[in-house]
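Printed here is final07.csv (CSV, C-alpha atoms and all ligand atoms):
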```
chain,number,residue,atom,x,y,z
A,291,MET,CA,0.0,0.0,0.0
A,292,ALA,CA,1.2,3.5,-0.7
A,293,THR,CA,1.8,5.7,2.3
A,294,PRO,CA,-0.4,8.7,1.9
A,295,HIS,CA,1.9,11.2,3.5
A,296,GLN,CA,4.9,13.1,2.5
A,297,THR,CA,8.1,12.4,4.3
A,298,ALA,CA,11.2,14.4,4.6
A,299,SER,CA,14.3,13.8,2.6
A,300,ARG,CA,15.9,10.4,2.4
A,301,THR,CA,19.5,9.9,1.6
A,302,ASP,CA,19.4,6.6,3.5
A,303,ARG,CA,17.1,4.6,1.3
A,304,PRO,CA,16.8,0.9,2.0
A,305,ALA,CA,18.6,-1.6,-0.2
A,306,GLY,CA,16.6,-2.8,-3.2
A,307,THR,CA,14.6,0.4,-3.5
A,308,ARG,CA,14.8,2.8,-6.3
A,309,LEU,CA,14.4,6.6,-6.2
A,310,LEU,CA,12.6,8.2,-9.1
A,311,VAL,CA,12.4,12.0,-9.3
A,312,GLN,CA,9.8,13.9,-11.4
A,313,LEU,CA,10.9,17.3,-12.8
A,314,THR,CA,8.2,19.1,-14.7
A,315,ASP,CA,7.3,22.2,-16.6
A,316,CYS,CA,10.8,23.6,-16.8
A,317,HIS,CA,9.7,26.2,-19.5
A,318,ILE,CA,13.3,26.7,-20.9
A,319,ARG,CA,13.6,29.2,-23.8
A,320,ALA,CA,16.4,29.9,-26.2
A,321,ASP,CA,16.6,33.3,-24.5
A,322,GLY,CA,18.8,32.5,-21.5
A,323,GLY,CA,17.3,35.3,-19.4
A,324,PHE,CA,13.7,34.2,-19.9
A,325,THR,CA,11.5,34.6,-16.8
A,326,TYR,CA,8.1,33.0,-16.2
A,327,ASP,CA,6.0,35.0,-13.7
A,328,GLY,CA,9.2,36.6,-12.6
A,329,ILE,CA,11.2,33.4,-12.2
A,330,ASP,CA,14.3,32.8,-14.3
A,331,THR,CA,13.5,29.3,-15.6
A,332,ARG,CA,17.1,28.1,-16.2
A,333,GLU,CA,18.3,29.3,-12.8
A,334,SER,CA,15.3,27.8,-11.1
A,335,LEU,CA,15.7,24.4,-12.7
A,336,GLN,CA,19.4,24.4,-11.7
A,337,GLU,CA,18.4,25.2,-8.1
A,338,VAL,CA,15.8,22.5,-8.0
A,339,MET,CA,18.3,20.0,-9.4
A,340,ALA,CA,20.8,21.1,-6.7
A,341,LEU,CA,18.2,20.7,-4.0
A,342,MET,CA,17.4,17.2,-5.3
A,343,GLN,CA,21.0,16.2,-5.0
A,344,ALA,CA,21.4,17.8,-1.6
A,345,ARG,CA,18.3,16.1,-0.2
A,346,HIS,CA,18.5,12.7,-2.0
A,347,GLY,CA,21.9,12.3,-3.5
A,348,LEU,CA,21.6,11.1,-7.1
A,349,PRO,CA,18.3,9.5,-7.9
A,350,ASP,CA,18.2,6.2,-9.9
A,351,ALA,CA,16.2,8.0,-12.7
A,352,VAL,CA,14.4,11.2,-13.4
A,353,ALA,CA,11.2,11.7,-15.4
A,354,LEU,CA,10.5,15.0,-17.1
A,355,THR,CA,6.7,15.3,-17.7
A,356,GLY,CA,6.4,18.0,-20.4
A,357,ASP,CA,6.7,21.7,-21.0
A,358,LEU,CA,10.4,21.1,-20.9
A,359,SER,CA,10.8,24.0,-23.2
A,360,ASP,CA,8.6,27.1,-23.4
A,361,ASP,CA,9.4,27.9,-27.0
A,362,GLY,CA,10.1,24.5,-28.6
A,363,SER,CA,13.5,25.8,-29.7
A,364,GLN,CA,16.6,23.8,-30.6
A,365,ALA,CA,18.6,25.9,-28.2
A,366,ALA,CA,16.3,25.3,-25.3
A,367,TYR,CA,16.5,21.5,-25.7
A,368,ALA,CA,20.3,21.6,-26.2
A,369,TRP,CA,20.7,23.5,-23.0
A,370,LEU,CA,18.4,21.1,-21.1
A,371,ARG,CA,20.2,18.2,-22.6
A,372,ARG,CA,23.5,19.5,-21.2
A,373,CYS,CA,21.8,19.8,-17.7
A,374,LEU,CA,20.5,16.3,-17.9
A,375,THR,CA,23.7,14.7,-19.1
A,376,THR,CA,25.6,16.1,-16.1
A,377,LEU,CA,23.3,14.0,-13.9
A,378,ALA,CA,24.4,10.8,-15.6
A,379,VAL,CA,21.3,8.8,-14.6
A,380,PRO,CA,18.5,7.8,-17.0
A,381,ALA,CA,16.3,10.8,-17.8
A,382,TYR,CA,13.0,10.0,-19.4
A,383,CYS,CA,11.4,13.0,-21.3
A,384,ILE,CA,7.9,13.4,-22.6
A,385,PRO,CA,6.5,16.5,-24.3
A,386,GLY,CA,3.9,19.0,-23.1
A,387,ASN,CA,1.8,21.5,-24.9
A,388,HIS,CA,4.6,24.1,-24.9
A,389,ASP,CA,7.0,21.7,-26.5
A,390,ASP,CA,7.8,21.1,-30.1
A,391,ALA,CA,7.6,17.3,-30.0
A,392,GLU,CA,9.6,16.8,-33.2
A,393,MET,CA,12.3,19.1,-32.0
A,394,LEU,CA,12.4,17.5,-28.6
A,395,ARG,CA,12.8,14.1,-30.2
A,396,ALA,CA,15.5,15.4,-32.5
A,397,VAL,CA,17.6,17.1,-29.8
A,398,LEU,CA,17.2,15.4,-26.4
A,399,PRO,CA,17.9,11.7,-26.9
A,400,GLY,CA,21.4,10.3,-26.5
A,401,ASP,CA,23.7,9.3,-23.6
A,402,ASN,CA,21.5,9.0,-20.5
A,403,VAL,CA,18.6,11.0,-22.0
A,404,HIS,CA,15.7,9.0,-23.4
A,405,VAL,CA,12.5,9.8,-25.2
A,406,THR,CA,10.6,6.5,-24.9
A,407,ASP,CA,7.2,5.2,-23.9
A,408,TRP,CA,8.5,2.5,-21.5
A,409,ALA,CA,11.2,2.0,-18.9
A,410,GLU,CA,11.9,-0.4,-16.1
A,411,LEU,CA,13.1,0.6,-12.7
A,412,GLY,CA,13.8,-2.0,-9.9
A,413,GLY,CA,11.0,-4.2,-11.0
A,414,TRP,CA,8.6,-1.3,-11.6
A,415,GLN,CA,7.3,-0.4,-15.0
A,416,LEU,CA,7.2,3.3,-16.1
A,417,VAL,CA,4.7,4.0,-18.9
A,418,LEU,CA,5.5,7.4,-20.5
A,419,LEU,CA,2.7,8.7,-22.7
A,420,SER,CA,2.8,11.7,-25.1
A,421,SER,CA,-0.5,13.7,-24.7
A,422,ALA,CA,0.8,16.7,-26.5
A,423,VAL,CA,-1.1,17.7,-29.7
A,424,ALA,CA,0.6,20.3,-32.0
A,425,GLY,CA,-1.1,23.7,-31.8
A,426,ARG,CA,-3.4,22.9,-28.9
A,427,GLU,CA,-3.1,23.6,-25.2
A,428,GLY,CA,-5.3,20.6,-24.2
A,429,GLY,CA,-4.1,17.1,-24.5
A,430,SER,CA,-5.2,13.9,-26.1
A,431,LEU,CA,-3.8,10.4,-26.4
A,432,GLY,CA,-5.7,9.6,-29.5
A,433,ARG,CA,-6.3,6.0,-30.7
A,434,GLY,CA,-2.6,5.4,-31.1
A,435,GLY,CA,-1.8,6.5,-27.5
A,436,GLN,CA,-4.6,4.5,-26.1
A,437,ASP,CA,-3.4,1.4,-27.9
A,438,THR,CA,0.1,2.0,-26.7
A,439,LEU,CA,-1.1,2.3,-23.1
A,440,SER,CA,-3.2,-0.9,-23.4
A,441,GLY,CA,-0.3,-2.8,-25.0
A,442,LEU,CA,2.3,-1.6,-22.4
A,443,LEU,CA,0.0,-2.4,-19.5
A,444,ARG,CA,-0.7,-5.9,-20.9
A,445,PHE,CA,3.1,-6.3,-21.2
A,446,ALA,CA,3.6,-5.1,-17.6
A,447,GLY,CA,1.5,-8.0,-16.3
A,448,HIS,CA,1.3,-7.7,-12.5
A,449,ALA,CA,4.4,-5.5,-12.1
A,450,PRO,CA,3.8,-2.3,-10.1
A,451,THR,CA,3.4,0.5,-12.6
A,452,LEU,CA,3.5,4.3,-12.8
A,453,VAL,CA,1.8,6.0,-15.8
A,454,LEU,CA,3.3,9.4,-16.6
A,455,LEU,CA,2.0,12.0,-19.0
A,456,HIS,CA,1.8,15.8,-19.2
A,457,HIS,CA,-1.9,16.6,-19.1
A,458,PRO,CA,-4.1,15.8,-16.0
A,459,PRO,CA,-6.8,13.3,-16.8
A,460,VAL,CA,-9.1,14.9,-14.3
A,461,PRO,CA,-10.2,18.5,-13.7
A,462,VAL,CA,-8.3,20.1,-10.9
A,463,GLY,CA,-10.8,22.8,-9.9
A,464,SER,CA,-9.4,25.7,-11.8
A,465,PRO,CA,-11.7,26.5,-14.7
A,466,TRP,CA,-8.9,28.1,-16.8
A,467,LEU,CA,-6.8,24.9,-16.5
A,468,ASP,CA,-9.7,22.5,-16.7
A,469,THR,CA,-10.3,23.6,-20.3
A,470,MET,CA,-7.0,22.0,-21.2
A,471,CYS,CA,-7.0,18.6,-19.5
A,472,LEU,CA,-6.7,15.2,-21.3
A,473,ASP,CA,-9.7,15.2,-23.6
A,474,ASP,CA,-10.0,11.5,-23.9
A,475,ALA,CA,-9.7,10.8,-20.2
A,476,GLU,CA,-12.7,8.5,-20.3
A,477,ALA,CA,-10.9,6.1,-22.7
A,478,PHE,CA,-7.7,6.5,-20.6
A,479,PHE,CA,-9.4,5.4,-17.4
A,480,GLU,CA,-11.2,2.6,-19.1
A,481,VAL,CA,-7.7,1.1,-19.6
A,482,ILE,CA,-6.3,2.1,-16.2
A,483,ASP,CA,-9.3,0.7,-14.4
A,484,ARG,CA,-8.6,-2.7,-15.9
A,485,HIS,CA,-5.1,-2.7,-14.4
A,486,PRO,CA,-4.9,-2.7,-10.6
A,487,ASN,CA,-1.1,-2.8,-10.8
A,488,VAL,CA,-1.2,0.9,-11.9
A,489,ARG,CA,-0.2,2.5,-8.6
A,490,ALA,CA,-0.3,6.1,-9.8
A,491,VAL,CA,-1.0,8.4,-12.7
A,492,VAL,CA,1.6,11.2,-12.6
A,493,PHE,CA,1.3,14.4,-14.5
A,494,GLY,CA,2.6,18.0,-14.9
A,495,HIS,CA,0.9,21.0,-16.6
A,496,ILE,CA,-0.8,22.4,-13.5
A,497,HIS,CA,2.2,23.8,-11.7
A,498,GLN,CA,0.8,22.8,-8.3
A,499,ILE,CA,0.4,19.8,-6.1
A,500,TYR,CA,-2.5,17.5,-6.8
A,501,ASP,CA,-3.1,14.3,-4.8
A,502,GLU,CA,-6.3,12.3,-5.0
A,503,THR,CA,-7.1,8.6,-5.3
A,504,ARG,CA,-9.3,7.1,-7.9
A,505,GLU,CA,-10.1,3.4,-7.6
A,506,HIS,CA,-6.6,1.7,-7.2
A,507,ALA,CA,-4.5,4.6,-8.5
A,508,ARG,CA,-3.2,7.8,-6.9
A,509,LEU,CA,-3.5,10.8,-9.2
A,510,LEU,CA,-0.5,13.0,-8.6
A,511,GLY,CA,0.3,16.5,-9.9
A,512,THR,CA,3.6,18.2,-9.2
A,513,PRO,CA,5.0,21.7,-8.8
A,514,SER,CA,6.8,23.2,-11.7
A,515,THR,CA,10.6,23.6,-11.5
A,516,CYS,CA,9.9,27.4,-12.1
A,517,ALA,CA,6.6,29.3,-11.5
A,518,GLN,CA,3.6,28.0,-9.5
A,519,PHE,CA,-0.1,28.5,-10.1
A,520,THR,CA,-2.5,29.1,-7.3
A,521,PRO,CA,-5.0,26.2,-6.9
A,522,LYS,CA,-8.7,26.6,-7.5
A,523,THR,CA,-8.8,30.0,-9.3
A,524,GLU,CA,-11.0,31.2,-12.2
A,525,ARG,CA,-7.9,32.4,-14.2
A,526,HIS,CA,-4.2,32.2,-14.0
A,527,VAL,CA,-3.0,33.6,-10.6
A,528,LYS,CA,0.7,33.4,-9.7
A,529,ASP,CA,1.4,31.4,-6.5
A,530,LEU,CA,4.2,32.5,-4.2
A,531,GLN,CA,5.1,28.9,-3.3
A,532,THR,CA,8.5,28.0,-4.5
A,533,ALA,CA,9.6,25.6,-7.2
A,534,GLY,CA,10.1,22.0,-6.5
A,535,TYR,CA,10.0,18.3,-7.5
A,536,ARG,CA,8.3,15.1,-6.6
A,537,TRP,CA,10.1,12.0,-5.5
A,538,PHE,CA,9.1,8.4,-5.5
A,539,LEU,CA,10.6,5.7,-3.4
A,540,LEU,CA,9.8,2.4,-5.1
A,541,ARG,CA,10.3,-0.9,-3.4
A,542,ALA,CA,10.7,-4.2,-5.3
A,543,ASP,CA,7.7,-5.7,-3.4
A,544,GLY,CA,5.4,-2.9,-4.9
A,545,ASP,CA,5.3,-0.8,-1.8
A,546,TRP,CA,6.0,2.9,-2.4
A,547,GLU,CA,6.1,6.4,-1.0
A,548,THR,CA,6.0,9.8,-2.7
A,549,GLY,CA,6.5,13.3,-1.6
A,550,ILE,CA,7.4,16.9,-2.7
A,551,GLU,CA,10.4,18.9,-2.0
A,552,ARG,CA,10.5,22.7,-2.6
A,553,LEU,CA,13.2,25.3,-2.7
A,554,PRO,CA,13.5,27.2,0.6
A,601,FE,FE,3.6,24.3,-17.9
```
Could I get this structure in the form of structure tokens?
Ligand SMILES: [Fe+2]
Amino acid sequence: MATPHQTASRTDRPAGTRLLVQLTDCHIRADGGFTYDGIDTRESLQEVMALMQARHGLPDAVALTGDLSDDGSQAAYAWLRRCLTTLAVPAYCIPGNHDDAEMLRAVLPGDNVHVTDWAELGGWQLVLLSSAVAGREGGSLGRGGQDTLSGLLRFAGHAPTLVLLHHPPVPVGSPWLDTMCLDDAEAFFEVIDRHPNVRAVVFGHIHQIYDETREHARLLGTPSTCAQFTPKTERHVKDLQTAGYRWFLLRADGDWETGIERLP
């Protein structure tokens, strides 16, 4: 069973467990001085990555769940790639609505950086879905993505599994964000509901914490590595909470914990 609380940092993780860190909504631009709601996105990502290493040491893998770039530029992905290669642990990248998925796939992969729909981590399966649709803020898996999800979950068998994507498959209570969720969430959950080994659906996009449970799966949203959005607002309101990341401690027996760390 998941432990529904957040714990403090752990550099002392038990043998046989794996630490996965989710970094999301980095919004890097070609312009090195770009700020999002007054936050320098490059500086903020570097501070979050430094916090991650201070609190946890090196994780076993990181997953970046979309809006890695704000402008979809070659230069933004090249800069991000340099950041991720310095970590030297597997980094799994999926696109969000601000990304240029083609450019992302052209620039990021190589060395320890992967753009893939599946990964394995200490007996856990990670299913990494692209919900980005060119020219749209909202997301969709489409028939192809739904088939990929079904196929990968069939392949996972009974292995404990995390499903990661950019767009939330549920409304989060902010009308301006809720117009740009996953538009084929019904079909998505039809598949998820058939697979009790899916421990959590993990997403970005909302720049805030979300933590609810639906059937057997936790639904988890995560702060951005740069600017935060105030929960439950009619329109975009900057939140003064600091940038952060989500960690997952995954045990081989399927037990797990998750929590958030933020910059001071
Ligand atoms: Fe974003």
Near ligand FE 601 (chain A), 6 Å: chain A residue rows, closest pairs, all atoms listed in the file, as JSON lines:
```
{"residue": "A:Asp315", "atom": "CA", "partner": "A:FE601", "partner_atom": "FE", "distance": 4.4}
{"residue": "A:Asp357", "atom": "CA", "partner": "A:FE601", "partner_atom": "FE", "distance": 5.1}
{"residue": "A:His495", "atom": "CA", "partner": "A:FE601", "partner_atom": "FE", "distance": 4.5}
```
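Residue nearest Leu540 of chain A, chosen from A:Ala396, A:Ala449, A:Tyr367, A:Glu427 and counting only C-alpha atoms: A:Ala449.
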Neighbours of point (18.0, 25.0, -26.7) within 12 Å, using only C-alpha atoms, written as a PyMOL selection string: chain A and resi 317-322+332+358-373+389-390+393-394+396-398
Using only C-alpha atoms, find each residue of segment 478-536 of chain A with at least one atom at most 12 Å away from an atom of segment 541-545 of chain A; report its shortest atom-to-atom pair and that distance in Å (one decimal), sort the rows by chain and rising residue number, and return the result as CSV.
```
residue,atom,partner,partner_atom,distance
A:Pro486,CA,A:Gly544,CA,11.8
A:Asn487,CA,A:Gly544,CA,8.8
A:Val488,CA,A:Gly544,CA,10.3
A:Arg489,CA,A:Gly544,CA,8.6
A:Ala490,CA,A:Gly544,CA,11.7
```
Neighbour list for segment 432-437 of chain A as a PyMOL selection string, cut-off 10 Å, all atoms listed in the file, skip fewer than 3 positions in-chain: chain A and resi 407+419-421+423+429+440-443+472-474+477-481
Between atom CA of Ala517 of chain A and atom CA of Leu354 of chain A, what is the distance, to one decimal in Å?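 That distance, rounded to one decimal, is 15.8 Å.
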Can you work out the spacing between atom CA of Gly328 of chain A and atom CA of Thr314 of chain A in Å, to one decimal? 17.7 Å
Coordinates-based distance that separates atom CA of Leu455 of chain A from atom CA of Ala391 of chain A (Å, one decimal):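 Interatomic distance here is 13.4 Å.
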